[in-house]
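Working notes, beginning with the structure itself.
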Amino acid sequence: MITAYDYRTAPVEGAAILYLIFFALLFVGARWWKGTGRRMPRYVSAAILFGGFYYGGLPLFDQIRVNAMDMSEMAVTKGRITKLWDIRTRGRNSEPFSFQKYQENVTHGFDIGRDSFSWRGGRRCPVATFCGFHGGPPYLREGQMVEVTWFVDPLRFNKRRIMLLRMER
């Protein structure tokens with residue numbers, strides 16, 4: 001078996017760090033603007049801090065929290081993939097200032113017996129990309145033997161989060 005995905009060796013959320021830097025620079029610029037005597041609504045600074053926390057702080061906190069967990073708290077499921085699936089939903093995009101009328105969400109996953117594992121297609125480093133895997137990404141197929149180390153994450157609505165995925169070639 002080869003290790004196809006390991007959350008602990010996945011790269012640091014680079015986008016989260018860039019968001020933190022961006023919002024910090026925006027906050028410094030807003031404070032400078034206000035310090036020169038110009039007018040600015042009070043909520044601008046609060047909105048900038050909230051954006052930095054939501055887009056930068058929360059993903060980094062989540063990564064630190066999960067990396068600090070002990071592997072003995074995890075469950076291990078071994079078996080053959082009985083079913084591969086992906087769910088595509090398309091709905092009206094309600095995000096403000098978006099040029100896309102419709103938004104498509106893709107959820108990938110697989111079943112091992114009665115256990116089901118899934119991930120969203122738009123994450124920065126999902127299981128599907130097998131971050132840090134050298135020699136090209138392996139592909140999941142039905143009937144393939146896999147070993148999944150996972151835990152139920154209460155901060156993600158009690159969904160299963162894959163920490164380690166080992167699979168046969």
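Ordering of the structure tokens sets the chain letters (A, B, ...), residue numbers begin anew at 1 in every chain, and ligands are numbered from 1 in the order given.
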
Quick one: everything within 12 Å of Leu18 of chain A, counting only C-alpha atoms, minus sequence neighbours fewer than 2 positions away in the same chain. Send it as a PyMOL selection string. chain A and resi 12-16+20-25+52+55-57+59-60

Restricting the output to all heavy atoms, write the selected residues as a short mmCIF file (atom, residue, chain, number, x, y, z; two decimals), in the first residue's frame.
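Below is the file that was written, again_10.cif:
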data_model
loop_
_atom_site.label_atom_id
_atom_site.label_comp_id
_atom_site.auth_asym_id
_atom_site.auth_seq_id
_atom_site.Cartn_x
_atom_site.Cartn_y
_atom_site.Cartn_z
N VAL A 12 0.68 24.15 3.91
CA VAL A 12 -0.03 25.13 4.73
C VAL A 12 -0.97 25.90 3.81
O VAL A 12 -0.68 26.12 2.64
CB VAL A 12 0.98 26.09 5.40
CG1 VAL A 12 0.28 27.20 6.15
CG2 VAL A 12 1.90 25.32 6.31
N GLU A 13 -2.10 26.27 4.34
CA GLU A 13 -3.09 27.00 3.56
C GLU A 13 -2.48 28.31 3.09
O GLU A 13 -2.55 29.33 3.77
CB GLU A 13 -4.33 27.25 4.40
CG GLU A 13 -5.04 26.01 4.85
CD GLU A 13 -5.97 25.46 3.78
OE1 GLU A 13 -6.19 26.13 2.75
OE2 GLU A 13 -6.47 24.36 3.97
N GLY A 14 -1.87 28.29 1.92
CA GLY A 14 -1.21 29.48 1.37
C GLY A 14 -2.18 30.60 1.11
O GLY A 14 -1.87 31.78 1.32
N ALA A 15 -3.37 30.26 0.66
CA ALA A 15 -4.37 31.30 0.39
C ALA A 15 -4.78 32.00 1.69
O ALA A 15 -5.00 33.20 1.70
CB ALA A 15 -5.58 30.69 -0.29
N ALA A 16 -4.84 31.25 2.79
CA ALA A 16 -5.22 31.86 4.07
C ALA A 16 -4.15 32.86 4.52
O ALA A 16 -4.48 33.94 5.02
CB ALA A 16 -5.41 30.79 5.13
N LEU A 20 -4.63 36.88 5.06
CA LEU A 20 -4.24 37.59 6.26
C LEU A 20 -3.37 38.79 5.93
O LEU A 20 -3.56 39.89 6.47
CB LEU A 20 -3.50 36.66 7.22
CG LEU A 20 -4.35 35.78 8.11
CD1 LEU A 20 -3.47 34.86 8.93
CD2 LEU A 20 -5.22 36.62 9.02
N ILE A 21 -2.40 38.62 5.05
CA ILE A 21 -1.52 39.72 4.65
C ILE A 21 -2.33 40.81 3.95
O ILE A 21 -2.16 42.01 4.24
CB ILE A 21 -0.39 39.20 3.75
CG1 ILE A 21 0.55 38.31 4.55
CG2 ILE A 21 0.37 40.35 3.10
CD1 ILE A 21 1.55 37.54 3.71
N PHE A 22 -3.22 40.41 3.04
CA PHE A 22 -4.03 41.38 2.31
C PHE A 22 -4.89 42.21 3.25
O PHE A 22 -4.92 43.45 3.16
CB PHE A 22 -4.90 40.66 1.28
CG PHE A 22 -5.91 41.54 0.62
CD1 PHE A 22 -5.52 42.48 -0.33
CD2 PHE A 22 -7.26 41.44 0.94
CE1 PHE A 22 -6.46 43.30 -0.94
CE2 PHE A 22 -8.19 42.25 0.33
CZ PHE A 22 -7.80 43.19 -0.61
N PHE A 23 -5.60 41.54 4.16
CA PHE A 23 -6.48 42.27 5.07
C PHE A 23 -5.69 43.10 6.08
O PHE A 23 -6.15 44.15 6.51
CB PHE A 23 -7.46 41.32 5.76
CG PHE A 23 -8.60 40.93 4.88
CD1 PHE A 23 -8.69 39.65 4.36
CD2 PHE A 23 -9.59 41.83 4.55
CE1 PHE A 23 -9.74 39.28 3.55
CE2 PHE A 23 -10.65 41.48 3.74
CZ PHE A 23 -10.73 40.20 3.23
N ALA A 24 -4.49 42.64 6.46
CA ALA A 24 -3.66 43.45 7.36
C ALA A 24 -3.22 44.73 6.65
O ALA A 24 -3.26 45.82 7.25
CB ALA A 24 -2.44 42.64 7.82
N LEU A 25 -2.82 44.61 5.40
CA LEU A 25 -2.44 45.81 4.64
C LEU A 25 -3.65 46.73 4.43
O LEU A 25 -3.51 47.96 4.50
CB LEU A 25 -1.83 45.42 3.30
CG LEU A 25 -0.46 44.76 3.35
CD1 LEU A 25 -0.04 44.28 1.97
CD2 LEU A 25 0.57 45.72 3.92
N GLY A 52 -10.51 39.44 7.43
CA GLY A 52 -9.24 38.80 7.71
C GLY A 52 -9.41 37.59 8.61
O GLY A 52 -8.76 36.56 8.41
N TYR A 55 -11.52 34.73 6.35
CA TYR A 55 -10.81 34.13 5.22
C TYR A 55 -9.39 33.69 5.56
O TYR A 55 -8.83 32.84 4.88
CB TYR A 55 -10.77 35.10 4.04
CG TYR A 55 -12.11 35.28 3.40
CD1 TYR A 55 -12.82 36.47 3.57
CD2 TYR A 55 -12.68 34.28 2.64
CE1 TYR A 55 -14.06 36.64 2.98
CE2 TYR A 55 -13.92 34.43 2.06
CZ TYR A 55 -14.60 35.62 2.23
OH TYR A 55 -15.83 35.78 1.67
N GLY A 56 -8.78 34.27 6.57
CA GLY A 56 -7.41 33.92 6.91
C GLY A 56 -7.25 33.21 8.23
O GLY A 56 -6.59 32.18 8.33
N GLY A 57 -7.87 33.73 9.27
CA GLY A 57 -7.69 33.19 10.62
C GLY A 57 -8.35 31.84 10.84
O GLY A 57 -7.75 30.93 11.41
N PRO A 59 -9.27 29.35 8.62
CA PRO A 59 -8.61 28.19 8.00
C PRO A 59 -7.30 27.82 8.67
O PRO A 59 -6.99 26.63 8.84
CB PRO A 59 -8.37 28.64 6.55
CG PRO A 59 -9.37 29.69 6.30
CD PRO A 59 -9.55 30.38 7.62
N LEU A 60 -6.52 28.81 9.11
CA LEU A 60 -5.27 28.49 9.80
C LEU A 60 -5.53 27.88 11.17
O LEU A 60 -4.85 26.94 11.57
CB LEU A 60 -4.41 29.74 9.93
CG LEU A 60 -3.78 30.23 8.63
CD1 LEU A 60 -3.02 31.52 8.87
CD2 LEU A 60 -2.87 29.19 8.03
#

In segment 1-164 of chain A, DSSP alpha helix (DSSP H) residues written as a ChimeraX atom specification: /A:14-35,43-52,58-67

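Atom CA of Asn93 of chain A is positioned 20.9 Å from atom CA of Trp119 of chain A.
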
Can you check which residues of segment 56-111 of chain A DSSP gives as strand (DSSP E) on the backbone and send them as a PyMOL selection string?
chain A and resi 75-80+83-92+102-111

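Distance check against Arg114 of chain A using only C-alpha atoms: of A:Leu140, A:Thr77, A:Phe99, A:Gly91, the minimum falls on A:Thr77.
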
**Asked** Contacts of Asn105 of chain A at 7 Å or less, counting only C-alpha atoms, minus same-chain residues fewer than 4 places along, as a ChimeraX atom specification?
**Response** /A:88-90

Kindly save the residues from that selection, with C-alpha atoms included, as a compact mmCIF listing (two decimals), in the first residue's frame.
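Output below, filename again-v2.txt:
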# COMPACT_ATOMS: atom_id res chain seq x y z
CA ARG A 88 -23.00 17.94 -9.04
CA THR A 89 -25.53 20.57 -8.07
CA ARG A 90 -26.15 23.74 -9.98

With distances taken over only C-alpha atoms, the candidate from A:Phe53, A:Gln63, A:Arg161, A:Gln103 nearest Ser118 of chain A is A:Arg161

Near segment 141-155 of chain A, 7 Å: segment 63-106 of chain A residue rows, closest pairs, only C-alpha atoms, as a tab-separated table:
residue	atom	partner	partner_atom	distance
A:Met74	CA	A:Phe151	CA	5.1
A:Ala75	CA	A:Trp150	CA	5.4
A:Val76	CA	A:Thr149	CA	4.5
A:Thr77	CA	A:Val148	CA	5.2
A:Lys78	CA	A:Glu147	CA	4.4
A:Gly79	CA	A:Met145	CA	5.5
A:Arg80	CA	A:Met145	CA	4.3
A:Ile81	CA	A:Gly143	CA	5.0
A:Thr82	CA	A:Glu142	CA	5.7
A:Lys83	CA	A:Glu142	CA	5.9
A:Leu84	CA	A:Glu142	CA	6.4

Atom CA of Ile2 of chain A to atom CA of Glu168 of chain A measures 6.1 Å

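Taking atom CA of Arg156 of chain A as the reference point, atom CA of Ser72 of chain A is found at 20.0 Å.
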